[in-house]
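Chemist: PDB, C-alpha atoms, pLDDT in the B column, saved as upload16.pdb, coming up:
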```
ATOM      1  CA  MET A   1       0.000   0.000   0.000  1.00 54.00           C
ATOM      2  CA  ALA A   2       1.024   3.572  -0.559  1.00 53.00           C
ATOM      3  CA  LYS A   3       2.616   5.743   2.077  1.00 51.00           C
ATOM      4  CA  HIS A   4       1.596   9.301   2.846  1.00 52.00           C
ATOM      5  CA  HIS A   5       3.550  12.220   4.217  1.00 50.00           C
ATOM      6  CA  LEU A   6       2.252  15.455   5.725  1.00 49.00           C
ATOM      7  CA  ILE A   7       4.652  18.270   4.888  1.00 48.00           C
ATOM      8  CA  ASN A   8       4.451  20.871   7.641  1.00 49.00           C
ATOM      9  CA  ASN A   9       7.886  22.512   7.651  1.00 50.00           C
ATOM     10  CA  PRO A  10       7.225  26.195   6.775  1.00 48.00           C
ATOM     11  CA  LEU A  11      10.464  26.347   4.787  1.00 49.00           C
ATOM     12  CA  PHE A  12       9.121  23.764   2.353  1.00 49.00           C
ATOM     13  CA  VAL A  13       5.401  24.598   2.217  1.00 52.00           C
ATOM     14  CA  ASN A  14       5.496  25.243  -1.530  1.00 61.00           C
ATOM     15  CA  GLU A  15       7.950  22.498  -2.407  1.00 66.00           C
ATOM     16  CA  ILE A  16       7.303  18.778  -2.516  1.00 69.00           C
ATOM     17  CA  THR A  17       9.926  16.367  -3.745  1.00 69.00           C
ATOM     18  CA  PHE A  18      10.180  12.607  -3.954  1.00 70.00           C
ATOM     19  CA  ASP A  19      13.394  10.678  -3.460  1.00 68.00           C
ATOM     20  CA  GLU A  20      14.610   7.116  -2.958  1.00 68.00           C
ATOM     21  CA  GLU A  21      13.487   7.127   0.692  1.00 69.00           C
ATOM     22  CA  ASP A  22       9.885   7.547  -0.509  1.00 66.00           C
ATOM     23  CA  GLU A  23       9.928   4.434  -2.667  1.00 66.00           C
ATOM     24  CA  VAL A  24       7.673   1.670  -1.391  1.00 66.00           C
ATOM     25  CA  ILE A  25       8.821  -0.704  -4.117  1.00 65.00           C
ATOM     26  CA  GLU A  26      12.559  -1.239  -4.394  1.00 66.00           C
ATOM     27  CA  ASP A  27      12.456  -1.812  -8.139  1.00 64.00           C
ATOM     28  CA  GLY A  28      11.233   1.427  -9.741  1.00 60.00           C
ATOM     29  CA  ASP A  29      10.534  -0.465 -12.959  1.00 68.00           C
ATOM     30  CA  HIS A  30       6.868  -1.238 -12.331  1.00 69.00           C
ATOM     31  CA  ASN A  31       3.490  -0.414 -13.810  1.00 75.00           C
ATOM     32  CA  ARG A  32       1.358  -0.515 -10.669  1.00 84.00           C
ATOM     33  CA  PRO A  33      -1.614   1.723 -10.047  1.00 89.00           C
ATOM     34  CA  LEU A  34      -1.530   3.740  -6.823  1.00 91.00           C
ATOM     35  CA  TYR A  35      -3.783   2.216  -4.161  1.00 93.00           C
ATOM     36  CA  ILE A  36      -4.158   3.362  -0.558  1.00 92.00           C
ATOM     37  CA  GLU A  37      -6.339   2.166   2.275  1.00 93.00           C
ATOM     38  CA  GLY A  38      -8.737   4.034   4.517  1.00 95.00           C
ATOM     39  CA  ASN A  39     -12.020   3.985   6.383  1.00 97.00           C
ATOM     40  CA  ILE A  40     -15.387   5.174   5.154  1.00 96.00           C
ATOM     41  CA  GLY A  41     -18.239   4.751   7.618  1.00 92.00           C
ATOM     42  CA  VAL A  42     -17.836   1.332   9.220  1.00 94.00           C
ATOM     43  CA  ALA A  43     -15.789  -0.093   6.324  1.00 96.00           C
ATOM     44  CA  HIS A  44     -12.035  -0.430   6.039  1.00 97.00           C
ATOM     45  CA  LEU A  45     -11.331  -0.183   2.314  1.00 96.00           C
ATOM     46  CA  ARG A  46      -8.010  -1.606   1.121  1.00 93.00           C
ATOM     47  CA  ARG A  47      -8.074  -0.733  -2.578  1.00 95.00           C
ATOM     48  CA  ILE A  48      -8.758   3.001  -2.859  1.00 96.00           C
ATOM     49  CA  LEU A  49      -7.414   3.980  -6.264  1.00 96.00           C
ATOM     50  CA  ILE A  50      -5.751   7.373  -6.722  1.00 96.00           C
ATOM     51  CA  ASP A  51      -6.459   8.441 -10.300  1.00 95.00           C
ATOM     52  CA  PRO A  52      -5.386  11.960 -11.357  1.00 94.00           C
ATOM     53  CA  ARG A  53      -7.121  11.402 -14.719  1.00 92.00           C
ATOM     54  CA  SER A  54     -10.580  11.028 -13.186  1.00 94.00           C
ATOM     55  CA  ALA A  55     -12.824  14.095 -13.082  1.00 94.00           C
ATOM     56  CA  VAL A  56     -14.940  12.602 -10.268  1.00 96.00           C
ATOM     57  CA  ASN A  57     -14.561  10.591  -7.076  1.00 98.00           C
ATOM     58  CA  ILE A  58     -16.321   7.244  -7.435  1.00 97.00           C
ATOM     59  CA  LEU A  59     -17.712   4.814  -4.881  1.00 98.00           C
ATOM     60  CA  PRO A  60     -19.045   1.473  -6.135  1.00 97.00           C
ATOM     61  CA  LEU A  61     -22.413   0.390  -4.741  1.00 98.00           C
ATOM     62  CA  GLN A  62     -20.804  -2.580  -2.971  1.00 97.00           C
ATOM     63  CA  SER A  63     -18.462  -0.243  -1.031  1.00 98.00           C
ATOM     64  CA  LEU A  64     -21.382   2.030  -0.165  1.00 98.00           C
ATOM     65  CA  THR A  65     -23.116  -0.985   1.393  1.00 97.00           C
ATOM     66  CA  TRP A  66     -19.958  -2.116   3.246  1.00 97.00           C
ATOM     67  CA  ALA A  67     -19.654   1.401   4.682  1.00 97.00           C
ATOM     68  CA  GLY A  68     -23.132   1.107   6.188  1.00 97.00           C
ATOM     69  CA  PHE A  69     -25.005   3.386   3.778  1.00 98.00           C
ATOM     70  CA  THR A  70     -27.902   2.648   1.442  1.00 97.00           C
ATOM     71  CA  VAL A  71     -29.120   4.048  -1.864  1.00 97.00           C
ATOM     72  CA  SER A  72     -31.716   6.051   0.098  1.00 97.00           C
ATOM     73  CA  ASP A  73     -28.815   8.037   1.651  1.00 98.00           C
ATOM     74  CA  LEU A  74     -27.793   9.343  -1.781  1.00 98.00           C
ATOM     75  CA  GLU A  75     -28.540  12.782  -3.197  1.00 97.00           C
ATOM     76  CA  PRO A  76     -30.074  12.564  -6.669  1.00 97.00           C
ATOM     77  CA  THR A  77     -27.790  13.598  -9.566  1.00 96.00           C
ATOM     78  CA  ASP A  78     -27.889  13.629 -13.334  1.00 94.00           C
ATOM     79  CA  VAL A  79     -24.197  12.778 -13.618  1.00 93.00           C
ATOM     80  CA  VAL A  80     -23.188  10.199 -16.212  1.00 93.00           C
ATOM     81  CA  ILE A  81     -19.666   8.810 -16.006  1.00 91.00           C
ATOM     82  CA  CYS A  82     -17.752   7.966 -19.178  1.00 87.00           C
ATOM     83  CA  GLY A  83     -15.313   5.076 -18.909  1.00 78.00           C
ATOM     84  CA  PHE A  84     -11.960   4.719 -20.654  1.00 73.00           C
ATOM     85  CA  ASP A  85     -13.706   2.828 -23.466  1.00 78.00           C
ATOM     86  CA  ASN A  86     -16.235   5.683 -23.850  1.00 82.00           C
ATOM     87  CA  SER A  87     -18.996   3.596 -22.265  1.00 82.00           C
ATOM     88  CA  ARG A  88     -21.461   5.605 -20.206  1.00 89.00           C
ATOM     89  CA  LYS A  89     -22.716   4.736 -16.727  1.00 88.00           C
ATOM     90  CA  ALA A  90     -25.400   6.738 -14.928  1.00 92.00           C
ATOM     91  CA  THR A  91     -24.676   7.353 -11.271  1.00 96.00           C
ATOM     92  CA  LEU A  92     -27.129   6.219  -8.605  1.00 97.00           C
ATOM     93  CA  GLY A  93     -26.548   9.486  -6.768  1.00 98.00           C
ATOM     94  CA  ALA A  94     -23.951  11.309  -4.709  1.00 98.00           C
ATOM     95  CA  LEU A  95     -22.857  11.181  -1.093  1.00 97.00           C
ATOM     96  CA  THR A  96     -20.444  13.338   0.901  1.00 97.00           C
ATOM     97  CA  VAL A  97     -18.656  11.299   3.562  1.00 97.00           C
ATOM     98  CA  LYS A  98     -15.597  11.458   5.761  1.00 96.00           C
ATOM     99  CA  ILE A  99     -12.711   9.252   4.736  1.00 95.00           C
ATOM    100  CA  GLN A 100     -10.030   8.487   7.315  1.00 93.00           C
ATOM    101  CA  MET A 101      -6.477   7.586   6.222  1.00 89.00           C
ATOM    102  CA  SER A 102      -4.197   6.940   9.163  1.00 83.00           C
ATOM    103  CA  THR A 103      -4.225  10.254  11.094  1.00 84.00           C
ATOM    104  CA  LEU A 104      -5.662  12.261   8.190  1.00 86.00           C
ATOM    105  CA  SER A 105      -9.360  12.891   7.647  1.00 90.00           C
ATOM    106  CA  PHE A 106     -11.068  14.297   4.539  1.00 93.00           C
ATOM    107  CA  LYS A 107     -14.599  15.119   3.409  1.00 96.00           C
ATOM    108  CA  VAL A 108     -15.165  13.637  -0.028  1.00 97.00           C
ATOM    109  CA  ARG A 109     -18.097  13.856  -2.424  1.00 98.00           C
ATOM    110  CA  PHE A 110     -18.461  10.501  -4.142  1.00 98.00           C
ATOM    111  CA  TYR A 111     -20.635   9.572  -7.083  1.00 98.00           C
ATOM    112  CA  VAL A 112     -21.995   6.070  -6.590  1.00 98.00           C
ATOM    113  CA  ILE A 113     -22.144   3.587  -9.458  1.00 96.00           C
ATOM    114  CA  ASP A 114     -23.470   0.048  -9.680  1.00 95.00           C
ATOM    115  CA  ALA A 115     -20.516  -1.662 -11.352  1.00 92.00           C
ATOM    116  CA  ASN A 116     -17.861  -4.280 -10.736  1.00 91.00           C
ATOM    117  CA  THR A 117     -14.613  -2.387 -10.313  1.00 93.00           C
ATOM    118  CA  SER A 118     -11.033  -3.263  -9.446  1.00 93.00           C
ATOM    119  CA  TYR A 119     -11.117  -0.639  -6.680  1.00 96.00           C
ATOM    120  CA  SER A 120     -13.192  -0.134  -3.542  1.00 97.00           C
ATOM    121  CA  ALA A 121     -13.231   3.653  -4.095  1.00 98.00           C
ATOM    122  CA  LEU A 122     -11.616   6.037  -6.559  1.00 97.00           C
ATOM    123  CA  LEU A 123     -10.197   9.423  -5.581  1.00 97.00           C
ATOM    124  CA  GLY A 124      -9.769  11.680  -8.591  1.00 97.00           C
ATOM    125  CA  ARG A 125      -8.876  15.287  -9.316  1.00 96.00           C
ATOM    126  CA  PRO A 126     -11.586  16.838  -7.113  1.00 97.00           C
ATOM    127  CA  TRP A 127     -10.002  15.274  -3.993  1.00 95.00           C
ATOM    128  CA  ILE A 128      -6.421  15.738  -5.216  1.00 93.00           C
ATOM    129  CA  HIS A 129      -6.921  19.444  -5.911  1.00 92.00           C
ATOM    130  CA  LYS A 130      -9.069  20.250  -2.867  1.00 93.00           C
ATOM    131  CA  TYR A 131      -6.530  18.817  -0.420  1.00 90.00           C
ATOM    132  CA  HIS A 132      -3.362  19.723  -2.359  1.00 87.00           C
ATOM    133  CA  VAL A 133      -2.289  16.111  -2.716  1.00 88.00           C
ATOM    134  CA  VAL A 134       0.754  15.234  -4.800  1.00 87.00           C
ATOM    135  CA  PRO A 135       0.671  11.567  -5.853  1.00 89.00           C
ATOM    136  CA  SER A 136       3.677   9.701  -7.185  1.00 86.00           C
ATOM    137  CA  MET A 137       2.791   6.518  -9.040  1.00 82.00           C
ATOM    138  CA  LEU A 138       6.498   5.764  -9.432  1.00 78.00           C
ATOM    139  CA  HIS A 139       7.205   6.008  -5.682  1.00 77.00           C
ATOM    140  CA  GLN A 140       3.787   4.575  -4.742  1.00 82.00           C
ATOM    141  CA  CYS A 141       3.101   7.312  -2.199  1.00 83.00           C
ATOM    142  CA  LEU A 142       1.211  10.553  -1.581  1.00 85.00           C
ATOM    143  CA  LYS A 143       2.394  13.822  -0.082  1.00 82.00           C
ATOM    144  CA  PHE A 144       0.201  16.604   1.292  1.00 79.00           C
ATOM    145  CA  LEU A 145       0.783  20.292   1.922  1.00 70.00           C
ATOM    146  CA  ASP A 146      -0.239  21.282   5.436  1.00 58.00           C
ATOM    147  CA  GLY A 147      -2.539  24.229   4.953  1.00 40.00           C
ATOM    148  CA  ASN A 148      -5.080  23.356   7.673  1.00 32.00           C
ATOM    149  CA  LYS A 149      -7.450  22.119   4.983  1.00 29.00           C
ATOM    150  CA  ILE A 150      -8.036  18.807   6.680  1.00 26.00           C
TER     151      ILE A 150
END
```
Could you take the file, read its structure, and then write that structure out as structure tokens?

Modeler:
Amino acid sequence: MAKHHLINNPLFVNEITFDEEDEVIEDGDHNRPLYIEGNIGVAHLRRILIDPRSAVNILPLQSLTWAGFTVSDLEPTDVVICGFDNSRKATLGALTVKIQMSTLSFKVRFYVIDANTSYSALLGRPWIHKYHVVPSMLHQCLKFLDGNKI
């Protein structure tokens, strides 16, 4: 699983770097997606995909159920998600929940889909940009700027 670092040294607030110490995998020659783990509701989710290409945060229906929520907890939306193969999937609705990763806590708006996915949740650009997250797929870790946004 990925590591995360909270950068809180005022001298480096606007500078994030990755080096060999950040590498989770010794061999940098890999093609792995970046997964982290965290808690949503009562569920501990082990395969939360970090995807900077995604314009939305996605929660599969199965993960919604594991977390202790139901479809009746969702806000109605007209959002349709386009997959990498240009297929379209209507969302069941949206839900804003707290996600806990180690000592860090975030509010995330997820769009819920009824689909079999390789991930238990997907965090895309909305989460990455809101919380100033810098992911490194190569190093398999995340770094955050400490701006009291958590």

Chemist: Write out, as a Markdown table, each residue of stretch 66-118 of chain A that has an atom at most 10 Å from stretch 125-128 of chain A, together with the closest pair of atoms and their distance in Å to one decimal, counting only C-alpha atoms, rows going by chain and rising number.

Modeler:
```
| residue | atom | partner | partner_atom | distance |
| --- | --- | --- | --- | --- |
| A:Phe106 | CA | A:Trp127 | CA | 8.7 |
| A:Lys107 | CA | A:Trp127 | CA | 8.7 |
| A:Val108 | CA | A:Trp127 | CA | 6.7 |
| A:Arg109 | CA | A:Trp127 | CA | 8.4 |
| A:Phe110 | CA | A:Trp127 | CA | 9.7 |
```

Chemist: Please write the residues from the selection above to a file, keeping C-alpha atoms, as a PDB file, in the frame of the given file.

Modeler:
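What landed in again-v3.pdb:
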```
ATOM      1  CA  PHE A 106     -11.068  14.297   4.539  1.00 93.00           C
ATOM      2  CA  LYS A 107     -14.599  15.119   3.409  1.00 96.00           C
ATOM      3  CA  VAL A 108     -15.165  13.637  -0.028  1.00 97.00           C
ATOM      4  CA  ARG A 109     -18.097  13.856  -2.424  1.00 98.00           C
ATOM      5  CA  PHE A 110     -18.461  10.501  -4.142  1.00 98.00           C
TER       6      PHE A 110
END
```

Chemist: So, with only C-alpha atoms as the atoms that count, which of A:Ala90, A:Ile48, A:Ile113, A:Cys82 lies closest to A:Thr65?

Modeler: A:Ile113

Chemist: Could you tell me which residues the PyMOL selection byres ((chain A and resi 38) around 9) grabs in this file, written as a ChimeraX atom specification?

Modeler: /A:36-37,39-40,43-48,99-102

Chemist: Can you tell me how far atom CA of A:Arg53 sits from atom CA of A:Thr103, in Å to one decimal?

Modeler: 26.0 Å

Chemist: Rank nothing, just name the residue among A:Leu59, A:Val134, A:Ile81, A:Leu64 nearest to A:Tyr111, using only C-alpha atoms.

Modeler: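 Comparing A:Leu59, A:Val134, A:Ile81, A:Leu64 against A:Tyr111, the winner is A:Leu59.
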
Chemist: I need the residue nearest A:Ala67 from this list: A:Leu123, A:Asp85, A:Lys98, A:Pro52. Use only C-alpha atoms for the distance.

Modeler: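 Of A:Leu123, A:Asp85, A:Lys98, A:Pro52, the one nearest A:Ala67, counting only C-alpha atoms, is A:Lys98.
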
Chemist: Which residues, written as an NGL selection string, have at least one atom at most 12 Å from A:Glu75, with all atoms listed in the file counted and residues fewer than 5 positions away on the same chain left out?

Modeler: :A and (70 or 91-96 or 109-112)

Chemist: For A:Pro135, which residue among A:Asn116, A:Asp51, A:Arg32, A:Ser72 is the nearest when counting all atoms listed in the file?

Modeler: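 Checking each candidate against A:Pro135, we get A:Asp51 as the closest.
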
Chemist: What gap, in Å, lies between atom CA of A:Phe84 and atom CA of A:Asn31?

Modeler: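 Atom-to-atom, atom CA of A:Phe84 to atom CA of A:Asn31, that is 17.7 Å.
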
Chemist: Could you list, as an NGL selection string, every residue matched by the PyMOL selection byres ((chain A and resi 119) around 8) in this structure?

Modeler: :A and (47-49 or 117-118 or 120-122)

Chemist: When you draw a straight line from atom CA of A:Val80 to atom CA of A:Ile50, how long is it in Å?

Modeler: 20.1 Å

Chemist: Out of A:Asp114, A:Gly83, A:Lys89, A:Lys143, which residue has the shortest atom-to-atom distance to A:Val71 when counting all atoms listed in the file?

Modeler: A:Asp114

Chemist: Can you tell me, as JSON, the centre and edge lengths (Å, one decimal) of the axis-aligned box enclosing all of stretch 40-54 of chain A's listed atoms after padding each side by 5 Å?

Modeler:
```
{"center_x": -11.8, "center_y": 5.2, "center_z": -2.7, "size_x": 22.9, "size_y": 23.6, "size_z": 33.9}
```

Chemist: Kindly indicate which residue among A:His129, A:Asp73, A:Ala55, A:Phe144 lies nearest to A:Leu104, using all atoms listed in the file for the distances.

Modeler: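 When distances to A:Leu104 are compared using all atoms listed in the file, the smallest one comes from A:Phe144.
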